file data.cif (mmCIF, C-alpha atoms and all ligand atoms)
data_entry
#
loop_
_atom_site.label_atom_id
_atom_site.label_comp_id
_atom_site.auth_asym_id
_atom_site.auth_seq_id
_atom_site.Cartn_x
_atom_site.Cartn_y
_atom_site.Cartn_z
CA MET A 17 68.01 51.52 -29.17
CA ALA A 18 65.84 52.61 -26.29
CA THR A 19 67.84 54.10 -23.47
CA LEU A 20 67.15 55.12 -19.91
CA ALA A 21 69.83 57.83 -19.96
CA PRO A 22 67.41 60.75 -20.40
CA LEU A 23 65.32 59.54 -17.48
CA ARG A 24 68.41 59.16 -15.34
CA ASN A 25 69.44 62.73 -16.09
CA ALA A 26 65.93 63.94 -15.39
CA VAL A 27 65.83 62.17 -12.06
CA ARG A 28 69.23 63.66 -11.18
CA ALA A 29 67.87 67.10 -11.99
CA GLN A 30 64.85 66.36 -9.85
CA ALA A 31 67.11 65.19 -7.02
CA ARG A 32 69.01 68.49 -7.16
CA GLY A 33 65.72 70.28 -6.53
CA GLN A 34 64.97 68.18 -3.47
CA PRO A 35 64.87 69.47 0.12
CA ARG A 36 68.00 70.86 1.81
CA ALA A 37 70.22 68.77 4.02
CA GLY A 38 68.28 69.59 7.19
CA ALA A 39 64.99 68.55 5.68
CA ASP A 40 66.67 65.48 4.20
CA ALA A 41 67.89 64.44 7.64
CA GLN A 42 64.31 64.65 8.88
CA LEU A 43 63.03 62.61 5.93
CA LEU A 44 65.76 60.05 6.48
CA SER A 45 64.90 59.33 10.10
CA GLY A 46 62.93 56.24 11.07
CA ASP A 47 61.75 53.26 9.08
CA ALA A 48 60.05 53.53 5.71
CA LEU A 49 58.69 50.01 5.84
CA ARG A 50 58.46 47.43 8.59
CA LEU A 51 57.05 43.93 8.01
CA ASP A 52 56.28 41.80 11.07
CA GLY A 53 55.49 38.17 10.34
CA VAL A 54 53.74 39.00 7.07
CA THR A 55 52.00 35.95 5.63
CA ARG A 56 49.92 35.47 2.48
CA ALA A 57 48.17 32.16 2.02
CA PHE A 58 46.41 30.95 -1.13
CA GLY A 59 44.39 28.02 0.20
CA ALA A 60 46.91 25.62 1.72
CA LEU A 61 49.89 27.35 0.06
CA ARG A 62 51.73 29.92 2.17
CA ALA A 63 53.24 31.88 -0.72
CA VAL A 64 54.66 34.34 1.83
CA ASP A 65 55.35 32.82 5.21
CA GLU A 66 56.10 34.95 8.30
CA VAL A 67 58.33 37.45 6.56
CA SER A 68 59.85 40.16 8.77
CA LEU A 69 62.14 42.87 7.46
CA THR A 70 62.77 46.59 7.83
CA VAL A 71 63.58 49.16 5.15
CA ALA A 72 65.02 52.33 6.65
CA ALA A 73 63.99 55.71 5.26
CA GLY A 74 66.17 56.37 2.23
CA GLN A 75 67.46 52.82 2.13
CA LYS A 76 67.86 50.96 -1.16
CA TYR A 77 66.87 47.33 -0.67
CA ALA A 78 66.81 44.21 -2.83
CA ILE A 79 64.81 41.01 -2.58
CA LEU A 80 66.37 38.03 -4.28
CA GLY A 81 65.08 34.53 -4.75
CA SER A 82 64.33 32.00 -7.43
CA ASN A 83 61.02 31.76 -9.28
CA GLY A 84 58.10 31.04 -6.97
CA ALA A 85 59.98 32.20 -3.86
CA GLY A 86 57.11 34.60 -3.04
CA LYS A 87 58.72 37.91 -4.01
CA THR A 88 55.85 39.31 -6.09
CA THR A 89 53.30 38.03 -3.56
CA LEU A 90 55.20 39.97 -0.89
CA PHE A 91 54.88 43.14 -3.02
CA ASN A 92 51.16 42.43 -3.43
CA ALA A 93 50.82 42.21 0.36
CA ILE A 94 52.70 45.49 0.86
CA THR A 95 50.59 47.37 -1.71
CA GLY A 96 47.33 45.72 -0.64
CA ASP A 97 46.65 44.20 -4.07
CA PHE A 98 46.50 40.86 -2.22
CA PRO A 99 46.40 41.89 1.46
CA PRO A 100 48.29 39.71 3.94
CA THR A 101 46.43 36.91 5.69
CA GLY A 102 48.70 37.37 8.71
CA GLY A 103 51.20 39.81 10.20
CA ARG A 104 51.44 43.60 10.25
CA ILE A 105 52.79 46.21 7.82
CA HIS A 106 53.98 49.64 8.99
CA PHE A 107 54.71 52.44 6.53
CA PHE A 108 56.61 55.37 8.06
CA GLY A 109 55.41 54.31 11.50
CA GLU A 110 51.76 53.91 10.54
CA ASP A 111 49.98 50.55 10.48
CA ILE A 112 48.69 50.23 6.90
CA THR A 113 47.84 46.49 7.04
CA GLU A 114 44.11 47.08 6.59
CA LEU A 115 44.26 50.04 4.18
CA PRO A 116 42.99 49.68 0.60
CA PRO A 117 45.65 50.06 -2.14
CA HIS A 118 44.69 53.64 -3.12
CA GLU A 119 45.13 54.83 0.48
CA ARG A 120 48.64 53.37 0.49
CA ILE A 121 49.39 55.17 -2.78
CA ARG A 122 48.22 58.42 -1.20
CA LYS A 123 50.73 57.91 1.58
CA GLY A 124 53.58 57.73 -0.93
CA LEU A 125 53.84 54.02 -1.75
CA ARG A 126 54.37 53.12 -5.43
CA ARG A 127 55.11 50.01 -7.41
CA THR A 128 55.88 48.79 -10.87
CA TYR A 129 54.64 45.44 -12.10
CA GLN A 130 56.51 42.41 -13.42
CA SER A 131 54.33 42.39 -16.50
CA SER A 132 53.44 45.76 -17.91
CA LEU A 133 50.14 47.31 -16.86
CA LEU A 134 50.47 50.26 -19.20
CA PHE A 135 47.47 51.24 -21.29
CA ARG A 136 48.75 50.06 -24.64
CA GLU A 137 46.13 51.85 -26.75
CA LEU A 138 46.79 55.18 -25.06
CA SER A 139 49.70 57.52 -25.65
CA VAL A 140 52.71 58.08 -23.40
CA ARG A 141 51.21 61.41 -22.29
CA GLU A 142 47.82 59.85 -21.55
CA ASN A 143 49.42 57.12 -19.47
CA LEU A 144 51.36 59.68 -17.44
CA PHE A 145 48.23 61.82 -17.08
CA LEU A 146 46.38 58.84 -15.62
CA ALA A 147 49.22 58.27 -13.17
CA VAL A 148 49.12 61.91 -12.12
CA ARG A 149 45.32 61.85 -11.73
CA GLY A 150 45.40 58.59 -9.85
CA VAL A 151 47.92 60.02 -7.43
CA ALA A 152 46.16 63.38 -7.15
CA SER A 153 42.80 61.99 -6.10
CA GLY A 154 43.83 58.67 -4.61
CA ARG A 155 41.89 56.87 -7.31
CA PHE A 156 41.39 57.14 -11.05
CA SER A 157 38.83 59.88 -11.08
CA PHE A 158 38.07 62.85 -13.26
CA ARG A 159 35.42 64.41 -11.05
CA ARG A 160 36.97 67.74 -10.22
CA ALA A 161 37.41 69.66 -13.45
CA GLY A 162 39.21 72.45 -11.59
CA ASP A 163 42.13 70.12 -10.99
CA ALA A 164 42.58 69.35 -14.68
CA HIS A 165 44.96 72.29 -15.22
CA ALA A 166 47.22 71.23 -12.39
CA SER A 167 47.20 67.64 -13.63
CA THR A 168 48.06 68.72 -17.17
CA ARG A 169 50.96 70.79 -15.84
CA ALA A 170 52.14 67.91 -13.67
CA THR A 171 51.94 65.56 -16.66
CA GLN A 172 53.98 67.93 -18.78
CA ASP A 173 56.50 68.29 -15.97
CA LEU A 174 56.80 64.50 -15.71
CA LEU A 175 57.22 64.19 -19.50
CA GLU A 176 60.04 66.70 -19.41
CA ARG A 177 61.66 65.26 -16.30
CA THR A 178 61.64 61.80 -17.88
CA ARG A 179 62.50 63.29 -21.31
CA LEU A 180 59.67 61.40 -22.97
CA THR A 181 58.36 64.58 -24.59
CA HIS A 182 59.53 63.55 -28.07
CA ILE A 183 57.33 60.45 -27.94
CA ALA A 184 54.52 62.00 -25.85
CA HIS A 185 51.89 61.26 -28.51
CA GLU A 186 53.17 57.81 -29.41
CA LEU A 187 50.89 54.91 -28.52
CA VAL A 188 52.42 52.66 -25.87
CA ALA A 189 51.80 49.68 -28.17
CA ASN A 190 54.36 51.17 -30.57
CA LEU A 191 57.13 51.67 -28.00
CA ALA A 192 60.24 49.52 -27.70
CA HIS A 193 60.38 47.34 -24.61
CA GLY A 194 63.01 49.52 -22.95
CA GLN A 195 60.90 52.65 -23.54
CA GLN A 196 57.90 50.95 -21.94
CA ARG A 197 59.91 50.14 -18.81
CA GLN A 198 61.18 53.72 -18.79
CA LEU A 199 57.58 54.97 -18.91
CA GLU A 200 56.61 52.62 -16.07
CA ILE A 201 59.32 54.04 -13.86
CA GLY A 202 58.26 57.54 -14.88
CA MET A 203 54.70 56.73 -13.81
CA ALA A 204 55.93 55.41 -10.47
CA LEU A 205 57.67 58.78 -9.96
CA ALA A 206 54.36 60.69 -10.31
CA GLY A 207 53.39 62.59 -7.20
CA ALA A 208 55.73 62.38 -4.24
CA PRO A 209 56.75 58.75 -3.79
CA ARG A 210 58.48 57.89 -0.53
CA LEU A 211 58.98 54.19 -1.27
CA ILE A 212 58.87 52.47 -4.67
CA LEU A 213 58.63 48.73 -5.19
CA PHE A 214 60.28 47.68 -8.48
CA ASP A 215 59.31 44.17 -9.64
CA GLU A 216 62.11 42.92 -11.92
CA PRO A 217 62.55 46.17 -13.86
CA ALA A 218 65.53 44.72 -15.73
CA ALA A 219 63.59 41.79 -17.17
CA GLY A 220 63.91 41.70 -20.94
CA LEU A 221 66.34 44.62 -21.15
CA SER A 222 69.47 44.49 -23.29
CA PRO A 223 72.85 44.66 -21.53
CA ALA A 224 73.14 48.36 -22.45
CA GLU A 225 69.64 49.10 -21.13
CA ARG A 226 70.51 47.24 -17.93
CA ARG A 227 73.51 49.47 -17.36
CA GLU A 228 71.29 52.51 -17.83
CA LEU A 229 68.78 51.07 -15.36
CA VAL A 230 71.51 50.58 -12.76
CA ALA A 231 72.61 54.19 -13.23
CA LEU A 232 69.01 55.40 -12.96
CA LEU A 233 68.39 53.48 -9.74
CA ARG A 234 71.63 54.82 -8.29
CA SER A 235 70.60 58.38 -9.11
CA LEU A 236 67.29 58.38 -7.23
CA PRO A 237 67.08 61.00 -4.43
CA ALA A 238 68.73 60.09 -1.12
CA HIS A 239 65.47 60.30 0.84
CA MET A 240 63.58 57.99 -1.54
CA SER A 241 63.55 54.33 -0.49
CA PHE A 242 63.07 51.48 -2.89
CA VAL A 243 62.79 47.72 -2.85
CA LEU A 244 64.01 46.00 -5.97
CA ILE A 245 63.16 42.45 -7.01
CA GLU A 246 65.94 41.30 -9.27
CA HIS A 247 67.11 37.95 -10.57
CA ASP A 248 70.50 39.23 -11.61
CA LEU A 249 72.60 39.30 -8.45
CA ASP A 250 75.19 41.49 -10.12
CA ILE A 251 72.62 44.23 -10.77
CA ALA A 252 71.06 44.02 -7.30
CA LEU A 253 74.36 44.08 -5.48
CA ARG A 254 75.48 47.21 -7.31
CA VAL A 255 72.49 49.39 -6.37
CA VAL A 256 71.38 48.42 -2.86
CA ASP A 257 72.50 48.76 0.76
CA LYS A 258 70.72 45.68 2.05
CA VAL A 259 69.44 42.38 0.71
CA THR A 260 66.89 39.78 1.76
CA VAL A 261 66.99 36.40 0.08
CA MET A 262 63.65 34.57 0.02
CA HIS A 263 63.17 30.84 -0.40
CA ASN A 264 59.84 28.97 -0.33
CA GLY A 265 58.03 32.05 0.97
CA ARG A 266 60.38 32.57 3.89
CA VAL A 267 63.34 34.79 4.62
CA LEU A 268 66.47 32.73 4.03
CA ARG A 269 68.97 35.48 4.87
CA THR A 270 69.14 39.26 5.30
CA GLY A 271 72.41 41.17 5.15
CA THR A 272 74.65 43.57 3.31
CA PRO A 273 75.39 42.74 -0.34
CA GLN A 274 78.83 41.52 0.71
CA GLU A 275 77.39 39.24 3.42
CA ILE A 276 74.86 37.81 0.99
CA GLU A 277 77.40 37.26 -1.75
CA SER A 278 79.70 35.26 0.55
CA ASP A 279 76.97 33.29 2.35
CA THR A 280 77.43 29.60 1.64
CA GLN A 281 73.78 28.67 2.15
CA VAL A 282 72.67 31.43 -0.21
CA GLN A 283 75.22 30.24 -2.73
CA ALA A 284 74.01 26.66 -2.45
CA ILE A 285 70.30 27.40 -2.66
CA TYR A 286 69.96 30.55 -4.70
CA MET A 287 72.98 30.98 -6.87
CA GLY A 288 73.25 27.25 -7.49
CA SER A 289 69.76 27.32 -9.01
CA ARG A 290 70.28 30.43 -11.08
CA HIS A 291 71.37 28.74 -14.24
N1 LIG B 1 46.92 34.77 -6.97
C1 LIG B 1 47.50 33.61 -6.67
N2 LIG B 1 46.76 32.50 -6.45
C2 LIG B 1 47.35 31.31 -6.12
N3 LIG B 1 48.67 31.13 -6.00
C3 LIG B 1 49.46 32.20 -6.23
C4 LIG B 1 48.93 33.48 -6.56
N4 LIG B 1 49.97 34.34 -6.72
C5 LIG B 1 51.09 33.63 -6.49
N5 LIG B 1 50.79 32.35 -6.19
C6 LIG B 1 51.76 31.29 -5.87
O1 LIG B 1 52.61 31.78 -4.85
C7 LIG B 1 53.95 31.32 -5.06
C8 LIG B 1 54.88 32.50 -5.11
O2 LIG B 1 54.65 33.20 -6.31
P1 LIG B 1 55.32 34.63 -6.62
O3 LIG B 1 55.11 35.52 -5.45
O4 LIG B 1 54.79 35.09 -7.93
O5 LIG B 1 56.86 34.24 -6.73
P2 LIG B 1 58.10 35.07 -7.31
O6 LIG B 1 57.64 36.46 -7.61
O7 LIG B 1 59.14 35.01 -6.23
O8 LIG B 1 58.54 34.33 -8.54
C9 LIG B 1 53.94 30.48 -6.32
O9 LIG B 1 53.83 29.13 -5.96
C10 LIG B 1 52.69 30.98 -7.04
O10 LIG B 1 52.17 29.97 -7.85
MG MG B 2 57.64 37.56 -9.37
#
call {"tool": "encode", "arguments": {"input": "data.cif", "output": "structure tokens"}}
result
Amino acid sequence: MATLAPLRNAVRAQARGQPRAGADAQLLSGDALRLDGVTRAFGALRAVDEVSLTVAAGQKYAILGSNGAGKTTLFNAITGDFPPTGGRIHFFGEDITELPPHERIRKGLRRTYQSSLLFRELSVRENLFLAVRGVASGRFSFRRAGDAHASTRATQDLLERTRLTHIAHELVANLAHGQQRQLEIGMALAGAPRLILFDEPAAGLSPAERRELVALLRSLPAHMSFVLIEHDLDIALRVVDKVTVMHNGRVLRTGTPQEIESDTQVQAIYMGSRH
């Protein structure tokens, strides 16, 4: 069975090599992400409607909500894949609302997708290489041959850190579902991410793979922020410091996991519709 354990260990090892406490304190100051009244309309539909929330530097954050609540659309607004039609987005104090997606990536923003966007006919190594190159140049470009060595080294480093070396030459199409999700997270770790958006990374995983995913998310470096979209409340509540529940494109409630779990309106609207 595919397992995320090797990746978790690799990320732990990476975390041990991270900046000292003093530098960490600096990295941990301020807000990683601030959304002010972010709106995304598709015609008459306001898929995301005046959403405001703040993710502190280093904070682990979850967005919950039933299907169609606007969670993925919110990620698309943050990354610029579908820019907001209203509101402002600040990333580490800088207004990125108008920036194209590749500029946001260059600033340390990463995401994974709900449905896999891996290159299925390429190998694990080739996929990671593309991630490294995309990060290195801000777009998928092979112009500067002089950089190829550094990219190859970075790819190898990522393979080893994620312990995917033994399947480096395997085509993605041949991987188990859990291995594909592992590779996706590995790709999101390329470069120096400061905030990663995970769109339902546990979808389709077995119970054992889910436990590994939880452990992996808990092992990410202290200074690295993430926002996790997750249907399974039990998973989300175990790995985050703060939760926003969305409903019909709007923020229903924001609070600590404990506050969210005991909120009667959340229970009525969200948990009541879970099954
Ligand atoms: N590209 C799009 N064009 C039109 N409507 C969209 C588009 N993307 C999402 N929507 C609509 O926005 C709403 C929220 O969708 P989504 O953000 O995918 O929800 P969630 O991720 O919470 O399940 C849905 O009604 C969906 O049909
Ligand atoms: Mg979604």
call {"tool": "closest_atom_pairs", "arguments": {"input": "data.cif", "of": "chain A", "to": "ligand MG 2 (chain B)", "cutoff": "10 Å", "atoms": "only C-alpha atoms and all ligand atoms", "output": "CSV"}}
result
residue,atom,partner,partner_atom,distance
A:Gly81,CA,B:MG2,MG,9.3
A:Ser82,CA,B:MG2,MG,8.9
A:Asn83,CA,B:MG2,MG,6.7
A:Gly84,CA,B:MG2,MG,7.0
A:Ala85,CA,B:MG2,MG,8.0
A:Gly86,CA,B:MG2,MG,7.0
A:Lys87,CA,B:MG2,MG,5.5
A:Thr88,CA,B:MG2,MG,4.1
A:Thr89,CA,B:MG2,MG,7.3
A:Leu90,CA,B:MG2,MG,9.1
A:Phe91,CA,B:MG2,MG,8.9
A:Tyr129,CA,B:MG2,MG,8.9
A:Gln130,CA,B:MG2,MG,6.4
A:Ser131,CA,B:MG2,MG,9.2
A:Asp215,CA,B:MG2,MG,6.8
A:Glu216,CA,B:MG2,MG,7.4
A:Ile245,CA,B:MG2,MG,7.7
A:Glu246,CA,B:MG2,MG,9.1
A:His247,CA,B:MG2,MG,9.6
call {"tool": "atom_distance", "arguments": {"input": "data.cif", "atom1": "CA of Glu119 (chain A)", "atom2": "CA of Pro209 (chain A)"}}
result
13.0 Å
call {"tool": "residues_around", "arguments": {"input": "data.cif", "residues": "region 259-264 of chain A", "least_positions_apart": "4", "cutoff": "6 Å", "atoms": "all atoms listed in the file", "output": "list in words"}}
result
Tyr77, Ala78, Ile79, Leu80, Gly81, Ala85, Leu268, Arg269, Thr270, Gly271 and Thr272 of chain A
call {"tool": "atom_distance", "arguments": {"input": "data.cif", "atom1": "CA of Asp52 (chain A)", "atom2": "atom O4 of ligand LIG 1 (chain B)"}}
result
20.2 Å
call {"tool": "atom_distance", "arguments": {"input": "data.cif", "atom1": "CA of Leu236 (chain A)", "atom2": "CA of Asp97 (chain A)"}}
result
25.2 Å
call {"tool": "closest_residue", "arguments": {"input": "data.cif", "among": "A:Thr55, A:Ser235, A:Gln274, A:Thr168", "to": "Ala93 (chain A)", "atoms": "only C-alpha atoms"}}
result
A:Thr55
call {"tool": "closest_residue", "arguments": {"input": "data.cif", "among": "A:Lys123, A:Arg266, A:His106, A:Arg169", "to": "ligand LIG 1 (chain B)", "atoms": "all atoms listed in the file"}}
result
A:Arg266
call {"tool": "residues_around", "arguments": {"input": "data.cif", "residues": "Ile201 (chain A)", "least_positions_apart": "6", "cutoff": "10 Å", "atoms": "only C-alpha atoms", "output": "list in words"}}
result
Leu20, Leu23, Arg126, Arg127, Thr128, Tyr129, Thr178, Gln195, Ile212, Phe214, Pro217, Leu232 and Leu233 of chain A
call {"tool": "residues_near_point", "arguments": {"input": "data.cif", "point": "(56.2, 52.4, 8.9)", "cutoff": "7 Å", "atoms": "all atoms listed in the file", "output": "list in words"}}
result
Asp47, Ala48, Leu49, Arg50, His106, Phe107, Phe108, Gly109, Glu110 and Asp111 of chain A
call {"tool": "closest_residue", "arguments": {"input": "data.cif", "among": "A:Leu51, A:Val230, A:Ala63, A:Ile285", "to": "ligand LIG 1 (chain B)", "atoms": "all atoms listed in the file"}}
result
A:Ala63
call {"tool": "axis_aligned_box", "arguments": {"input": "data.cif", "around": "region 191-201 of chain A", "padding_each_side": "6 Å", "output": "lines of an AutoDock Vina configuration file"}}
result
center_x = 59.8
center_y = 51.2
center_z = -20.9
size_x = 18.4
size_y = 19.6
size_z = 26.1
call {"tool": "residues_around", "arguments": {"input": "data.cif", "residues": "region 180-187 of chain A", "least_positions_apart": "6", "cutoff": "10 Å", "atoms": "only C-alpha atoms", "output": "ChimeraX atom specification"}}
result
/A:22-23,135-144,172-174,195,198-199,202
call {"tool": "closest_residue", "arguments": {"input": "data.cif", "among": "A:Asn92, A:Gln281, A:Ser241, A:Thr113", "to": "ligand LIG 1 (chain B)", "atoms": "all atoms listed in the file"}}
result
A:Asn92
